Amino acid sequence: MKKWIPNALTLLNLFLGCCALMALFTQDYLLAIGFIAGGLVADFLDGAVARLLQVHSPLGKELDSFADMVTFGVVPGLILYILIAEGFSGGGFSGQLQWSALPAFVLSAFSGLRLAKFNLDTRQSQTFLGLPTPSATIFVVGLLLIWHFNSFELSNFVGQPILLYGVTLVLSYLLVCEIPMFSFKLKALGWKGNEVRFSFLGISILLVPLLREAAVSAIILIYLLINISLHLRGRKVN
């Protein structure tokens, strides 16, 4: 029975992703973000519990990708779709199809490609190659928060379709690129070997009271800059 505990958490992730989609359709954006946050927690816990209980199965691996495709593939694509549609119409998200906003789902397509590659790539056991789909989703959620709360009066800026097209393309590339990116799978709890992780965590905590809602996207941007800098310098976080 214990091998089904991680699978139950994975299914919870999938369930919450579906709930997030419905909340987005009804324009209850804060509730949608809550569902996404729950999906992130469930996604983190299913792997952690599987390692703790030492239960791994091909079913769990495949199920995890299916769940992630919804919560961290379709959901961020829909968020970008809504923001682009809002940028063009200025009248809010409606039930009518906005053709100009459909390119947002390029991110969803590349999320599916990344998840398929991840399942086959044996090099990504401790670190990632390319941006993980949850990180891309967090960045997009951050844009939604800035737009919704008009953080630092940036709502009009982040709602510009040309910017959002660019974000879609850049995130899509980062999902499948070969840039190594550190994970939070700690081999030990000490400072040695975890300097980059703990420093990033400390910066992230400091940014929250300073930038409020805008901190969400900023944290992922810093994560990217750290990893790109380490890659260019030929350094690697194990």
# chains A, B, ... in the order shown; residues from 1 in each chain; ligands from 1

call {"tool": "select_by_dssp", "arguments": {"residues": "stretch 8-216 of chain A", "states": "helix (DSSP H, G or I)", "output": "PyMOL selection string"}}
result
chain A and resi 8-25+29-53+58-89+99-120+133-149+151-153+155-158+161-176+195-216

call {"tool": "closest_atom_pairs", "arguments": {"of": "stretch 143-234 of chain A", "to": "stretch 66-76 of chain A", "cutoff": "12 Å", "atoms": "only C-alpha atoms", "output": "JSON lines"}}
result
{"residue": "A:Leu143", "atom": "CA", "partner": "A:Pro76", "partner_atom": "CA", "distance": 10.4}
{"residue": "A:Leu144", "atom": "CA", "partner": "A:Pro76", "partner_atom": "CA", "distance": 9.8}
{"residue": "A:Leu164", "atom": "CA", "partner": "A:Pro76", "partner_atom": "CA", "distance": 11.9}
{"residue": "A:Val167", "atom": "CA", "partner": "A:Pro76", "partner_atom": "CA", "distance": 11.5}
{"residue": "A:Thr168", "atom": "CA", "partner": "A:Pro76", "partner_atom": "CA", "distance": 9.8}
{"residue": "A:Leu171", "atom": "CA", "partner": "A:Pro76", "partner_atom": "CA", "distance": 10.8}
{"residue": "A:Ser172", "atom": "CA", "partner": "A:Gly73", "partner_atom": "CA", "distance": 10.6}
{"residue": "A:Leu175", "atom": "CA", "partner": "A:Gly73", "partner_atom": "CA", "distance": 10.9}

call {"tool": "write_last_selection", "arguments": {"atoms": "C-alpha atoms", "output": "compact mmCIF listing (two decimals), in the first residue's frame"}}
result
# COMPACT_ATOMS: atom_id res chain seq x y z
CA LEU A 143 3.22 37.95 -13.97
CA LEU A 144 -0.43 37.26 -13.20
CA LEU A 164 4.16 38.21 -23.34
CA VAL A 167 8.17 35.61 -22.48
CA THR A 168 6.45 32.63 -24.13
CA LEU A 171 10.50 30.25 -21.47
CA SER A 172 9.84 27.66 -24.18
CA LEU A 175 12.54 24.48 -20.90

call {"tool": "residues_around", "arguments": {"residues": "A:Ser108", "least_positions_apart": "2", "cutoff": "7 Å", "atoms": "only C-alpha atoms", "output": "number ranges by chain"}}
result
A: 73-74, 77, 105-106, 110-112

call {"tool": "closest_atom_pairs", "arguments": {"of": "stretch 71-185 of chain A", "to": "stretch 195-218 of chain A", "cutoff": "10 Å", "atoms": "only C-alpha atoms", "output": "tab-separated table"}}
result
residue	atom	partner	partner_atom	distance
A:Ser135	CA	A:Ser217	CA	9.4
A:Ala136	CA	A:Ser217	CA	9.2
A:Thr137	CA	A:Ser217	CA	9.6
A:Ile138	CA	A:Val216	CA	6.8
A:Phe139	CA	A:Ser217	CA	4.4
A:Val140	CA	A:Ser217	CA	7.1
A:Val141	CA	A:Ser217	CA	7.5
A:Gly142	CA	A:Ser217	CA	4.6
A:Leu143	CA	A:Ser217	CA	6.5
A:Leu144	CA	A:Glu213	CA	9.3
A:Leu145	CA	A:Glu213	CA	5.8
A:Ile146	CA	A:Ala214	CA	5.7
A:Trp147	CA	A:Ala214	CA	9.5
A:His148	CA	A:Glu213	CA	9.5
A:Phe149	CA	A:Glu213	CA	7.8
A:Asn150	CA	A:Glu213	CA	9.2
A:Ser151	CA	A:Ala214	CA	6.4
A:Phe152	CA	A:Ala214	CA	8.3
A:Leu154	CA	A:Ala214	CA	9.2
A:Phe182	CA	A:Arg197	CA	7.7
A:Ser183	CA	A:Arg197	CA	8.1
A:Phe184	CA	A:Arg197	CA	7.0
A:Lys185	CA	A:Arg197	CA	9.8

call {"tool": "write_last_selection", "arguments": {"atoms": "N, CA and C atoms", "output": "JSON list (two decimals), in the first residue's frame"}}
result
[["chain", "number", "residue", "atom", "x", "y", "z"],
["A", 135, "SER", "N", 9.14, 25.78, -12.32],
["A", 135, "SER", "CA", 9.77, 27.10, -12.25],
["A", 135, "SER", "C", 9.19, 28.04, -13.30],
["A", 136, "ALA", "N", 8.97, 27.52, -14.50],
["A", 136, "ALA", "CA", 8.36, 28.33, -15.55],
["A", 136, "ALA", "C", 6.96, 28.76, -15.14],
["A", 137, "THR", "N", 6.22, 27.85, -14.51],
["A", 137, "THR", "CA", 4.87, 28.16, -14.05],
["A", 137, "THR", "C", 4.89, 29.23, -12.97],
["A", 138, "ILE", "N", 5.82, 29.13, -12.05],
["A", 138, "ILE", "CA", 5.93, 30.13, -10.98],
["A", 138, "ILE", "C", 6.19, 31.51, -11.58],
["A", 139, "PHE", "N", 7.05, 31.58, -12.59],
["A", 139, "PHE", "CA", 7.33, 32.87, -13.23],
["A", 139, "PHE", "C", 6.06, 33.45, -13.85],
["A", 140, "VAL", "N", 5.30, 32.62, -14.55],
["A", 140, "VAL", "CA", 4.06, 33.08, -15.19],
["A", 140, "VAL", "C", 3.04, 33.49, -14.14],
["A", 141, "VAL", "N", 2.95, 32.74, -13.05],
["A", 141, "VAL", "CA", 2.05, 33.11, -11.96],
["A", 141, "VAL", "C", 2.45, 34.48, -11.40],
["A", 142, "GLY", "N", 3.75, 34.72, -11.31],
["A", 142, "GLY", "CA", 4.22, 36.02, -10.85],
["A", 142, "GLY", "C", 3.74, 37.15, -11.73],
["A", 143, "LEU", "N", 3.74, 36.94, -13.05],
["A", 143, "LEU", "CA", 3.22, 37.95, -13.97],
["A", 143, "LEU", "C", 1.74, 38.20, -13.73],
["A", 144, "LEU", "N", 1.00, 37.12, -13.48],
["A", 144, "LEU", "CA", -0.43, 37.26, -13.20],
["A", 144, "LEU", "C", -0.65, 38.07, -11.93],
["A", 145, "LEU", "N", 0.17, 37.84, -10.92],
["A", 145, "LEU", "CA", 0.05, 38.58, -9.66],
["A", 145, "LEU", "C", 0.35, 40.07, -9.87],
["A", 146, "ILE", "N", 1.41, 40.36, -10.62],
["A", 146, "ILE", "CA", 1.76, 41.76, -10.90],
["A", 146, "ILE", "C", 0.62, 42.45, -11.64],
["A", 147, "TRP", "N", 0.06, 41.75, -12.63],
["A", 147, "TRP", "CA", -1.03, 42.31, -13.42],
["A", 147, "TRP", "C", -2.29, 42.49, -12.57],
["A", 148, "HIS", "N", -2.60, 41.52, -11.74],
["A", 148, "HIS", "CA", -3.83, 41.57, -10.94],
["A", 148, "HIS", "C", -3.77, 42.67, -9.88],
["A", 149, "PHE", "N", -2.62, 42.80, -9.21],
["A", 149, "PHE", "CA", -2.50, 43.78, -8.12],
["A", 149, "PHE", "C", -1.88, 45.10, -8.59],
["A", 150, "ASN", "N", -1.50, 45.16, -9.86],
["A", 150, "ASN", "CA", -0.81, 46.35, -10.40],
["A", 150, "ASN", "C", 0.39, 46.71, -9.53],
["A", 151, "SER", "N", 1.19, 45.71, -9.22],
["A", 151, "SER", "CA", 2.36, 45.90, -8.36],
["A", 151, "SER", "C", 3.32, 46.90, -8.97],
["A", 152, "PHE", "N", 3.67, 47.94, -8.19],
["A", 152, "PHE", "CA", 4.58, 49.00, -8.63],
["A", 152, "PHE", "C", 4.11, 49.62, -9.95],
["A", 154, "LEU", "N", 2.97, 48.25, -12.57],
["A", 154, "LEU", "CA", 3.54, 47.52, -13.71],
["A", 154, "LEU", "C", 2.50, 46.72, -14.47],
["A", 182, "PHE", "N", 20.46, 23.97, -10.95],
["A", 182, "PHE", "CA", 20.49, 23.20, -9.69],
["A", 182, "PHE", "C", 19.08, 22.92, -9.18],
["A", 183, "SER", "N", 18.97, 21.79, -8.49],
["A", 183, "SER", "CA", 17.72, 21.41, -7.84],
["A", 183, "SER", "C", 17.90, 21.56, -6.33],
["A", 184, "PHE", "N", 16.85, 21.27, -5.59],
["A", 184, "PHE", "CA", 16.93, 21.35, -4.13],
["A", 184, "PHE", "C", 16.93, 19.96, -3.50],
["A", 185, "LYS", "N", 17.46, 18.98, -4.25],
["A", 185, "LYS", "CA", 17.66, 17.65, -3.69],
["A", 185, "LYS", "C", 18.98, 17.65, -2.93]]

call {"tool": "residues_around", "arguments": {"residues": "stretch 99-101 of chain A", "least_positions_apart": "4", "cutoff": "7 Å", "atoms": "only C-alpha atoms", "output": "VMD selection string"}}
result
chain A and resid 81 84 to 85

call {"tool": "atom_distance", "arguments": {"atom1": "atom CA of A:Arg233", "atom2": "atom CA of A:Tyr173"}}
result
20.7 Å

call {"tool": "select_by_dssp", "arguments": {"residues": "stretch 78-193 of chain A", "states": "strand (DSSP E)", "output": "list in words"}}
result
Thr127, Phe128, Leu129, Pro180, Met181 and Phe182 of chain A
